file start.cif (mmCIF, C-alpha atoms and all ligand atoms)
data_structure
#
loop_
_atom_site.label_atom_id
_atom_site.label_comp_id
_atom_site.auth_asym_id
_atom_site.auth_seq_id
_atom_site.Cartn_x
_atom_site.Cartn_y
_atom_site.Cartn_z
CA MET A 18 20.85 -7.37 -80.61
CA LYS A 19 19.59 -3.88 -81.46
CA SER A 20 18.82 -1.85 -78.34
CA VAL A 21 16.39 1.04 -78.77
CA MET A 22 17.53 2.64 -75.51
CA MET A 23 21.22 2.53 -76.55
CA GLN A 24 20.32 4.08 -79.89
CA ALA A 25 18.30 6.82 -78.20
CA VAL A 26 21.04 7.85 -75.76
CA ARG A 27 23.26 8.32 -78.81
CA CYS A 28 20.56 10.37 -80.59
CA GLN A 29 20.17 7.73 -83.29
CA LYS A 30 16.86 7.19 -85.04
CA THR A 31 14.79 4.42 -83.40
CA ASP A 32 11.70 2.40 -84.38
CA PHE A 33 9.82 3.64 -81.33
CA VAL A 34 10.33 5.93 -78.34
CA PRO A 35 11.98 3.99 -75.48
CA ILE A 36 10.61 4.29 -71.96
CA TRP A 37 11.76 3.40 -68.46
CA LEU A 38 10.65 4.84 -65.13
CA MET A 39 12.72 6.27 -62.33
CA ARG A 40 12.14 4.20 -59.16
CA GLN A 41 10.52 1.50 -61.29
CA ALA A 42 11.22 -1.08 -58.58
CA GLY A 43 9.74 0.21 -55.36
CA ARG A 44 6.98 0.22 -52.80
CA TYR A 45 4.18 0.75 -55.35
CA MET A 46 4.81 -2.82 -56.54
CA PRO A 47 3.30 -5.69 -54.46
CA GLU A 48 6.20 -8.03 -55.36
CA TYR A 49 8.62 -5.44 -53.92
CA ARG A 50 6.58 -5.01 -50.75
CA ARG A 51 6.61 -8.78 -50.28
CA VAL A 52 10.42 -8.87 -50.43
CA ARG A 53 10.54 -5.92 -48.00
CA GLU A 54 8.43 -7.80 -45.47
CA ARG A 55 11.39 -10.14 -45.10
CA CYS A 56 14.22 -7.62 -44.95
CA SER A 57 15.07 -3.97 -44.41
CA PHE A 58 15.80 -1.65 -47.32
CA LEU A 59 19.52 -1.52 -46.50
CA ASP A 60 19.73 -5.32 -46.25
CA LEU A 61 17.95 -5.56 -49.59
CA CYS A 62 20.55 -3.25 -51.17
CA LYS A 63 23.33 -5.33 -49.62
CA THR A 64 22.00 -8.69 -50.83
CA PRO A 65 22.89 -8.76 -54.54
CA GLU A 66 20.61 -11.69 -55.45
CA LEU A 67 17.61 -9.87 -53.97
CA SER A 68 18.50 -6.47 -55.52
CA ALA A 69 18.73 -8.17 -58.89
CA GLU A 70 15.47 -10.00 -58.32
CA VAL A 71 13.42 -6.89 -57.49
CA MET A 72 14.70 -5.02 -60.56
CA LEU A 73 14.26 -7.98 -62.92
CA THR A 74 10.70 -8.43 -61.65
CA ALA A 75 9.93 -4.76 -62.30
CA VAL A 76 11.41 -4.83 -65.82
CA ASP A 77 9.42 -7.93 -66.60
CA ARG A 78 6.12 -6.61 -65.27
CA LEU A 79 6.40 -3.18 -66.88
CA GLY A 80 7.96 -4.12 -70.22
CA VAL A 81 10.34 -1.12 -70.06
CA ASP A 82 13.30 -0.61 -72.40
CA ALA A 83 15.98 -0.13 -69.72
CA ALA A 84 16.76 -1.43 -66.25
CA ILE A 85 18.40 0.56 -63.47
CA LEU A 86 20.53 -1.02 -60.80
CA PHE A 87 18.57 -1.52 -57.59
CA SER A 88 20.54 0.35 -54.95
CA ASP A 89 20.63 3.83 -53.40
CA ILE A 90 22.71 6.95 -53.93
CA LEU A 91 23.50 7.15 -50.21
CA LEU A 92 25.38 3.84 -49.97
CA LEU A 93 28.52 5.57 -51.24
CA LEU A 94 28.59 7.70 -48.09
CA GLU A 95 29.07 4.72 -45.74
CA PRO A 96 32.64 3.79 -46.76
CA MET A 97 33.40 7.53 -46.72
CA GLY A 98 32.73 7.52 -42.98
CA LEU A 99 29.07 8.54 -42.64
CA GLU A 100 26.66 6.33 -40.73
CA LEU A 101 23.50 5.73 -42.69
CA GLU A 102 20.11 4.47 -41.58
CA PHE A 103 16.62 4.40 -43.02
CA THR A 104 13.94 5.33 -40.53
CA PRO A 105 10.78 3.18 -40.35
CA ASP A 106 8.90 5.69 -42.57
CA GLY A 107 11.49 5.00 -45.29
CA GLY A 108 13.42 8.27 -45.06
CA PRO A 109 17.24 8.27 -44.93
CA LYS A 110 19.16 9.66 -41.97
CA ILE A 111 22.88 10.25 -41.46
CA LYS A 112 23.76 9.78 -37.79
CA ASN A 113 27.04 11.74 -37.86
CA PRO A 114 26.53 14.54 -40.41
CA VAL A 115 29.10 17.17 -41.39
CA LYS A 116 28.23 20.06 -39.09
CA SER A 117 31.44 22.06 -38.85
CA PRO A 118 34.20 22.82 -41.36
CA ARG A 119 36.51 20.53 -39.35
CA ASP A 120 34.16 17.59 -39.94
CA VAL A 121 35.17 17.55 -43.61
CA ASN A 122 38.52 16.14 -42.53
CA ARG A 123 36.94 13.02 -41.10
CA LEU A 124 35.46 12.05 -44.46
CA ARG A 125 37.52 9.52 -46.36
CA GLU A 126 37.77 9.60 -50.12
CA LEU A 127 36.72 6.29 -51.70
CA LYS A 128 40.07 4.91 -52.86
CA ASP A 129 38.96 1.36 -53.42
CA ILE A 130 35.49 0.08 -54.33
CA GLU A 131 35.97 -3.09 -52.25
CA PRO A 132 33.53 -1.97 -49.48
CA LEU A 133 30.88 -1.58 -52.19
CA GLN A 134 31.53 -5.01 -53.72
CA PHE A 135 27.88 -5.95 -53.11
CA VAL A 136 26.87 -3.22 -55.59
CA MET A 137 29.21 -4.65 -58.22
CA ASP A 138 27.76 -8.13 -57.57
CA ALA A 139 24.24 -6.73 -57.95
CA VAL A 140 25.32 -5.30 -61.33
CA ARG A 141 26.55 -8.74 -62.45
CA TYR A 142 23.46 -10.62 -61.29
CA THR A 143 21.08 -8.06 -62.80
CA ARG A 144 22.97 -7.99 -66.10
CA GLU A 145 22.89 -11.79 -66.28
CA GLY A 146 19.11 -11.79 -65.92
CA LEU A 147 18.39 -9.16 -68.57
CA ALA A 148 17.74 -9.63 -72.28
CA SER A 149 20.69 -8.34 -74.32
CA ASN A 150 18.69 -5.45 -75.80
CA ILE A 151 17.85 -4.04 -72.35
CA PRO A 152 20.73 -1.91 -71.06
CA LEU A 153 21.48 -1.74 -67.35
CA ILE A 154 21.87 1.79 -65.97
CA GLY A 155 24.32 2.30 -63.12
CA PHE A 156 24.11 5.44 -60.98
CA THR A 157 25.50 7.74 -58.37
CA GLY A 158 24.38 10.89 -56.60
CA ALA A 159 25.95 14.09 -57.90
CA PRO A 160 28.34 15.88 -55.51
CA PHE A 161 25.80 18.56 -54.54
CA THR A 162 23.03 16.09 -53.68
CA LEU A 163 25.46 13.86 -51.74
CA ALA A 164 26.80 16.93 -49.90
CA SER A 165 23.22 17.93 -49.04
CA TYR A 166 22.72 14.61 -47.26
CA ALA A 167 26.17 14.69 -45.67
CA ILE A 168 25.48 18.15 -44.20
CA GLU A 169 21.72 18.16 -43.56
CA GLY A 170 21.66 14.57 -42.32
CA ASN A 171 18.40 13.96 -44.18
CA SER A 172 16.41 15.44 -47.04
CA GLY A 173 15.98 18.81 -45.33
CA ARG A 174 13.10 20.86 -46.64
CA ASN A 175 14.88 24.01 -47.75
CA PHE A 176 18.57 23.16 -47.63
CA GLN A 177 19.57 26.14 -45.48
CA GLN A 178 22.39 24.20 -43.81
CA VAL A 179 24.07 23.07 -47.00
CA LYS A 180 23.77 26.56 -48.47
CA ALA A 181 25.10 28.26 -45.32
CA PHE A 182 28.04 25.83 -45.35
CA MET A 183 28.97 26.55 -48.96
CA TYR A 184 28.70 30.34 -48.47
CA LEU A 185 30.61 30.41 -45.18
CA TYR A 186 33.36 27.85 -45.81
CA PRO A 187 34.31 27.92 -49.50
CA GLN A 188 37.61 26.09 -48.90
CA GLU A 189 36.07 23.22 -46.98
CA TRP A 190 33.19 23.13 -49.48
CA ASP A 191 35.76 22.74 -52.26
CA LYS A 192 37.45 19.90 -50.39
CA LEU A 193 34.16 18.16 -49.64
CA MET A 194 32.85 18.48 -53.20
CA LYS A 195 36.13 17.33 -54.77
CA GLY A 196 36.21 14.30 -52.45
CA LEU A 197 32.64 13.44 -53.42
CA ALA A 198 33.29 13.94 -57.15
CA VAL A 199 36.37 11.72 -57.18
CA SER A 200 34.71 9.05 -55.01
CA ALA A 201 31.53 9.03 -57.12
CA ALA A 202 33.62 8.67 -60.29
CA ARG A 203 35.48 5.64 -58.87
CA TYR A 204 32.17 4.16 -57.80
CA LEU A 205 30.66 4.63 -61.27
CA ASN A 206 33.72 3.31 -63.03
CA GLY A 207 33.49 0.21 -60.82
CA GLN A 208 29.89 -0.25 -61.93
CA ILE A 209 30.92 0.18 -65.59
CA HIS A 210 33.65 -2.41 -65.11
CA ALA A 211 31.09 -4.76 -63.53
CA GLY A 212 28.77 -4.45 -66.54
CA VAL A 213 26.47 -1.40 -66.66
CA GLN A 214 26.01 0.10 -70.15
CA ILE A 215 24.81 3.59 -69.17
CA VAL A 216 25.28 5.70 -66.03
CA GLN A 217 22.90 8.22 -64.52
CA ILE A 218 23.94 11.04 -62.21
CA PHE A 219 21.20 12.04 -59.79
CA ASP A 220 21.38 15.67 -58.73
CA SER A 221 17.97 15.41 -57.11
CA TRP A 222 18.21 18.46 -54.82
CA VAL A 223 20.10 20.89 -57.04
CA GLY A 224 16.92 22.75 -57.98
CA CYS A 225 17.16 24.66 -54.71
CA VAL A 226 20.11 26.80 -55.90
CA SER A 227 20.18 29.83 -58.20
CA VAL A 228 21.86 29.74 -61.59
CA GLU A 229 24.65 31.94 -60.25
CA ASP A 230 25.29 29.65 -57.28
CA TYR A 231 25.09 26.60 -59.53
CA ARG A 232 27.90 28.01 -61.67
CA GLN A 233 30.08 28.76 -58.67
CA TYR A 234 29.39 25.98 -56.17
CA VAL A 235 28.08 23.03 -58.17
CA PHE A 236 29.12 23.10 -61.81
CA PRO A 237 32.91 22.59 -61.36
CA TYR A 238 32.39 19.44 -59.29
CA THR A 239 29.68 17.85 -61.43
CA LYS A 240 31.91 18.49 -64.43
CA MET A 241 34.87 16.97 -62.59
CA LEU A 242 32.86 13.82 -61.88
CA ILE A 243 31.62 13.56 -65.46
CA ASP A 244 35.09 14.12 -66.90
CA LEU A 245 36.44 11.24 -64.79
CA ILE A 246 33.95 8.66 -66.07
CA VAL A 247 35.33 6.00 -68.42
CA ALA A 248 35.17 7.51 -71.91
CA GLY A 249 32.49 6.18 -74.22
CA THR A 250 29.90 5.33 -71.55
CA PRO A 251 26.69 7.26 -72.18
CA ILE A 252 25.80 9.52 -69.26
CA ILE A 253 22.32 10.66 -68.19
CA HIS A 254 22.38 13.79 -66.05
CA PHE A 255 19.27 14.31 -63.90
CA ALA A 256 18.98 17.89 -62.68
CA PRO A 257 15.34 18.53 -61.68
CA GLY A 258 13.58 21.25 -59.76
CA ASN A 259 14.64 24.45 -61.51
CA PRO A 260 14.39 24.58 -65.32
CA MET A 261 16.53 27.74 -65.36
CA LEU A 262 19.49 25.49 -64.50
CA LEU A 263 19.12 23.33 -67.61
CA PRO A 264 21.64 25.15 -69.84
CA ALA A 265 24.33 25.09 -67.12
CA ALA A 266 23.59 21.47 -66.18
CA SER A 267 23.85 20.50 -69.83
CA GLU A 268 27.16 22.33 -70.11
CA ALA A 269 28.46 20.50 -67.01
CA GLY A 270 28.04 17.33 -69.04
CA GLY A 271 26.06 14.25 -69.99
CA ASN A 272 24.84 12.83 -73.29
CA VAL A 273 21.25 12.86 -72.04
CA ILE A 274 19.71 15.47 -69.77
CA SER A 275 16.77 14.31 -67.67
CA ALA A 276 14.21 17.07 -67.21
CA ASP A 277 11.19 17.31 -64.93
CA TRP A 278 7.64 18.50 -65.73
CA ARG A 279 8.10 22.13 -64.75
CA MET A 280 8.78 23.13 -68.36
CA THR A 281 7.47 21.50 -71.55
CA ILE A 282 9.86 19.00 -73.13
CA ASP A 283 10.34 20.99 -76.37
CA LYS A 284 11.36 24.12 -74.46
CA ALA A 285 13.58 22.09 -72.12
CA TRP A 286 15.24 20.51 -75.17
CA ASP A 287 15.91 23.96 -76.65
CA MET A 288 17.52 24.97 -73.35
CA ILE A 289 19.83 21.96 -73.08
CA GLY A 290 20.75 22.04 -76.77
CA ARG A 291 19.34 19.93 -79.59
CA ASN A 292 22.68 18.12 -80.01
CA LYS A 293 21.95 16.15 -76.81
CA ALA A 294 19.34 13.55 -75.97
CA ILE A 295 16.59 14.32 -73.46
CA GLN A 296 14.72 12.19 -70.94
CA GLY A 297 11.42 13.03 -69.28
CA ASN A 298 9.08 14.52 -68.39
CA LEU A 299 5.75 13.19 -67.15
CA ASP A 300 4.67 14.42 -63.73
CA PRO A 301 4.57 11.23 -61.56
CA ALA A 302 1.27 12.50 -60.12
CA VAL A 303 -0.37 11.71 -63.48
CA LEU A 304 0.12 8.01 -62.63
CA LEU A 305 -2.26 8.47 -59.71
CA THR A 306 -5.18 9.09 -62.13
CA ASP A 307 -6.73 6.79 -64.75
CA ARG A 308 -5.87 5.31 -68.15
CA ALA A 309 -7.58 8.04 -70.19
CA THR A 310 -5.79 10.83 -68.32
CA ILE A 311 -2.45 9.03 -68.57
CA ARG A 312 -3.00 8.60 -72.31
CA ARG A 313 -3.81 12.27 -72.78
CA HIS A 314 -0.64 13.40 -70.99
CA ALA A 315 1.59 10.83 -72.70
CA GLN A 316 0.21 11.90 -76.07
CA ARG A 317 0.88 15.55 -75.29
CA ILE A 318 4.51 14.87 -74.33
CA LEU A 319 5.11 12.69 -77.40
CA ARG A 320 3.68 15.47 -79.55
CA GLN A 321 5.83 18.11 -77.87
CA ALA A 322 8.96 15.96 -78.25
CA GLU A 323 7.90 15.11 -81.85
CA CYS A 324 9.26 11.57 -81.25
CA LEU A 325 12.58 12.94 -82.49
CA PRO A 326 15.78 10.85 -82.24
CA GLY A 327 17.22 11.23 -78.76
CA PHE A 328 13.91 11.36 -76.91
CA ILE A 329 13.55 8.92 -74.01
CA PHE A 330 10.22 8.83 -72.21
CA ASN A 331 10.42 8.86 -68.42
CA LEU A 332 8.88 10.56 -65.42
CA GLY A 333 10.17 13.90 -64.19
CA HIS A 334 10.89 12.20 -60.85
CA GLY A 335 10.54 8.78 -59.22
CA ILE A 336 7.25 6.84 -59.14
CA MET A 337 5.23 7.60 -56.02
CA PRO A 338 4.58 4.71 -53.62
CA GLN A 339 0.78 5.20 -53.93
CA THR A 340 0.84 4.55 -57.70
CA PRO A 341 -1.36 1.65 -58.86
CA VAL A 342 0.87 -0.84 -60.71
CA GLU A 343 -1.63 -1.13 -63.56
CA ASN A 344 -1.23 2.60 -64.25
CA ALA A 345 2.55 2.25 -64.62
CA ILE A 346 2.05 -0.72 -66.95
CA ALA A 347 -0.57 1.25 -68.91
CA LEU A 348 1.86 4.15 -69.39
CA VAL A 349 4.53 1.86 -70.86
CA ASP A 350 1.99 0.28 -73.23
CA ILE A 351 0.60 3.66 -74.29
CA VAL A 352 4.05 5.12 -75.01
CA HIS A 353 5.02 2.03 -77.00
CA GLU A 354 1.81 2.32 -79.01
CA LEU A 355 1.79 6.08 -79.63
CA GLY A 356 5.57 6.44 -79.84
CA GLN A 357 5.55 4.48 -83.13
CA MET A 358 3.97 7.43 -84.87
CA ARG A 359 6.97 9.27 -86.14
CA SER A 360 6.56 12.80 -87.32
CA SER A 361 9.99 13.11 -88.90
O1 LIG A 401 14.87 3.66 -59.55
C1 LIG A 401 14.94 2.49 -59.11
O2 LIG A 401 13.99 1.70 -59.10
C2 LIG A 401 16.30 2.01 -58.65
C3 LIG A 401 16.65 2.17 -57.29
C4 LIG A 401 16.83 3.53 -56.64
C5 LIG A 401 16.44 3.76 -55.29
N1 LIG A 401 16.90 4.98 -54.93
C6 LIG A 401 15.68 2.82 -54.49
C7 LIG A 401 15.01 3.26 -53.26
C8 LIG A 401 17.48 4.67 -57.09
C9 LIG A 401 18.05 4.98 -58.46
C10 LIG A 401 17.54 5.59 -55.97
C11 LIG A 401 18.21 6.90 -56.03
C12 LIG A 401 18.00 7.83 -54.91
N2 LIG A 401 18.01 7.58 -53.57
C13 LIG A 401 17.84 9.23 -55.07
C14 LIG A 401 17.85 9.94 -56.38
C15 LIG A 401 16.55 9.84 -57.07
C16 LIG A 401 15.48 10.71 -56.48
O3 LIG A 401 14.50 10.16 -55.97
O4 LIG A 401 15.63 11.92 -56.58
C17 LIG A 401 17.69 9.79 -53.80
C18 LIG A 401 17.48 11.26 -53.47
C19 LIG A 401 17.82 8.74 -52.85
C20 LIG A 401 17.77 8.86 -51.37
C21 LIG A 401 16.59 8.14 -50.83
N3 LIG A 401 16.49 6.75 -50.75
C22 LIG A 401 15.40 8.69 -50.29
C23 LIG A 401 15.11 10.18 -50.20
C24 LIG A 401 14.60 7.62 -49.89
C25 LIG A 401 13.28 7.69 -49.13
C26 LIG A 401 12.19 8.31 -49.84
C27 LIG A 401 11.61 7.47 -50.94
O5 LIG A 401 11.31 8.02 -52.02
O6 LIG A 401 11.39 6.28 -50.74
C28 LIG A 401 15.26 6.43 -50.22
C29 LIG A 401 14.76 5.06 -50.04
C30 LIG A 401 14.58 4.23 -51.27
N4 LIG A 401 15.46 4.17 -52.33
C31 LIG A 401 13.51 3.32 -51.53
C32 LIG A 401 13.78 2.71 -52.77
C33 LIG A 401 12.99 1.65 -53.46
C34 LIG A 401 12.35 3.02 -50.60
C35 LIG A 401 12.86 2.19 -49.50
C36 LIG A 401 11.86 1.27 -48.90
O7 LIG A 401 11.65 0.16 -49.41
O8 LIG A 401 11.30 1.63 -47.85
#
call {"tool": "encode", "arguments": {"input": "start.cif", "output": "structure tokens"}}
result
Amino acid sequence: MKSVMMQAVRCQKTDFVPIWLMRQAGRYMPEYRRVRERCSFLDLCKTPELSAEVMLTAVDRLGVDAAILFSDILLLLEPMGLELEFTPDGGPKIKNPVKSPRDVNRLRELKDIEPLQFVMDAVRYTREGLASNIPLIGFTGAPFTLASYAIEGNSGRNFQQVKAFMYLYPQEWDKLMKGLAVSAARYLNGQIHAGVQIVQIFDSWVGCVSVEDYRQYVFPYTKMLIDLIVAGTPIIHFAPGNPMLLPAASEAGGNVISADWRMTIDKAWDMIGRNKAIQGNLDPAVLLTDRATIRRHAQRILRQAECLPGFIFNLGHGIMPQTPVENAIALVDIVHELGQMRSS
């Protein structure tokens, strides 16, 4: 069956602009909160039937054109030797972070995906429950974002520890980042083998570095990861926070670059190169407003992107927990309605 999302990631002309939402299954959805009353977030991720259920419910309620695996970027760090927990307020915490250059030696490269078998099972169950035209997106954190958690222990506010580490200990940084790149690639290839059609690389915290530092400390490892992914699988590269990084992030790789709201989508597309697809870029805060405001912003973005082949509508970041579900549903309906109007 024809899949609009698969066509869009390959920059092919589509009948309408596809849309899906980062963090589309989450606390803003009552069905999700009900499942979470029964089990912790980590247990939910480790119970494949439940992970599949929460994502399938979200896809069904929203009517989006793609599903993303329900999991978390931090699960990869557990078999590498880091102890992960989610505090009651929902935030992640690593109990034994990398604090000294010597600590890098205690991290194990992921040689075998066996400890993450529950993720591969979640891929299978989710895939089985989806219509054939809805691709399933697998994902991993990018080396820099994973290293930020490994070193800071949580989502630190200004990333001074991860930056100090990379400036002070370039050799250990290289070892850490290579280990993360190779492990993340094995993890993604396992997901591809289990049945995902697209992969997304989340470099959620990379916006905190300068373009110069990106080139030196981030680019080689993101590129290494991308180059190791099974050939032919479309890759979405999410690099939010600093639009000045877009050309370098695009050069590091990916068929689709996911941009946030800090720059208009047409300018962002010029920066990443018009030969690639682009995903974005509604500010998730817009979903806290009302239908008329959502419509106005969606219309603006569709106009700026000109509904050209290769445009995928999404948010610039994950849905906020306070979002009313009806606003998320309204956005999907509005984009499906207005995204039919092709200007080319
Ligand atoms: O998008 C989806 O619906 C699929 C599932 C998904 C989750 N996390 C579920 C989740 C995906 C793709 C992620 C990726 C992820 N995890 C990222 C990259 C995307 C981004 O937001 O930039 C990051 C940085 C993480 C790490 C993480 N996990 C944080 C910082 C938090 C707490 C803060 C927050 O936004 O909730 C989590 C927890 C988490 N991951 C929840 C969900 C649904 C909430 C957990 C709960 O139920 O309490």
call {"tool": "closest_residue", "arguments": {"input": "start.cif", "among": "A:Ala294, A:Ala201, A:Asn344, A:Tyr45", "to": "Ala309 (chain A)", "atoms": "all atoms listed in the file"}}
result
A:Asn344
call {"tool": "closest_residue", "arguments": {"input": "start.cif", "among": "A:Thr310, A:Ser227, A:Asn331, A:Asn150", "to": "ligand LIG 401 (chain A)", "atoms": "all atoms listed in the file"}}
result
A:Asn331
call {"tool": "residues_near_ligand", "arguments": {"input": "start.cif", "ligand": "ligand LIG 401 (chain A)", "cutoff": "6 Å", "atoms": "all atoms listed in the file", "output": "ChimeraX atom specification"}}
result
/A:39-44,58,85-90,107-109,219,221,335
call {"tool": "residues_around", "arguments": {"input": "start.cif", "residues": "Leu325 (chain A)", "least_positions_apart": "5", "cutoff": "10 Å", "atoms": "only C-alpha atoms", "output": "list in words"}}
result
Ala25, Cys28, Gln29, Lys30, Thr31, Phe33, Val34, Ala294, Ile295, Leu319, Arg320, Gly356, Arg359, Ser360 and Ser361 of chain A
call {"tool": "residues_near_point", "arguments": {"input": "start.cif", "point": "(23.9, 14.7, -67.1)", "cutoff": "9 Å", "atoms": "all atoms listed in the file", "output": "ChimeraX atom specification"}}
result
/A:217-220,239,243,252-256,266-275
call {"tool": "atom_distance", "arguments": {"input": "start.cif", "atom1": "CA of Glu189 (chain A)", "atom2": "CA of Gly170 (chain A)"}}
result
17.4 Å
call {"tool": "residues_around", "arguments": {"input": "start.cif", "residues": "Ser200 (chain A)", "least_positions_apart": "5", "cutoff": "8 Å", "atoms": "all atoms listed in the file", "output": "CSV table (one decimal) with C-alpha atoms, keeping the file's coordinate frame"}}
result
chain,number,residue,atom,x,y,z
A,126,GLU,CA,37.8,9.6,-50.1
A,127,LEU,CA,36.7,6.3,-51.7
A,128,LYS,CA,40.1,4.9,-52.9
call {"tool": "residues_around", "arguments": {"input": "start.cif", "residues": "region 63-78 of chain A", "least_positions_apart": "3", "cutoff": "9 Å", "atoms": "all atoms listed in the file", "output": "ChimeraX atom specification"}}
result
/A:37,41-43,46,48-49,52,58-60,81-88,133,135-144,146-147,346
call {"tool": "residues_around", "arguments": {"input": "start.cif", "residues": "Ile311 (chain A)", "least_positions_apart": "5", "cutoff": "12 Å", "atoms": "only C-alpha atoms", "output": "list of chain:residue names"}}
result
A:Leu299, A:Asp300, A:Pro301, A:Ala302, A:Val303, A:Leu304, A:Leu305, A:Thr306, A:Gln316, A:Arg317, A:Ile318, A:Leu332, A:Glu343, A:Asn344, A:Ala345, A:Ile346, A:Ala347, A:Leu348, A:Val349, A:Asp350, A:Ile351, A:Val352
call {"tool": "atom_distance", "arguments": {"input": "start.cif", "atom1": "CA of Arg279 (chain A)", "atom2": "CA of Phe176 (chain A)"}}
result
20.1 Å
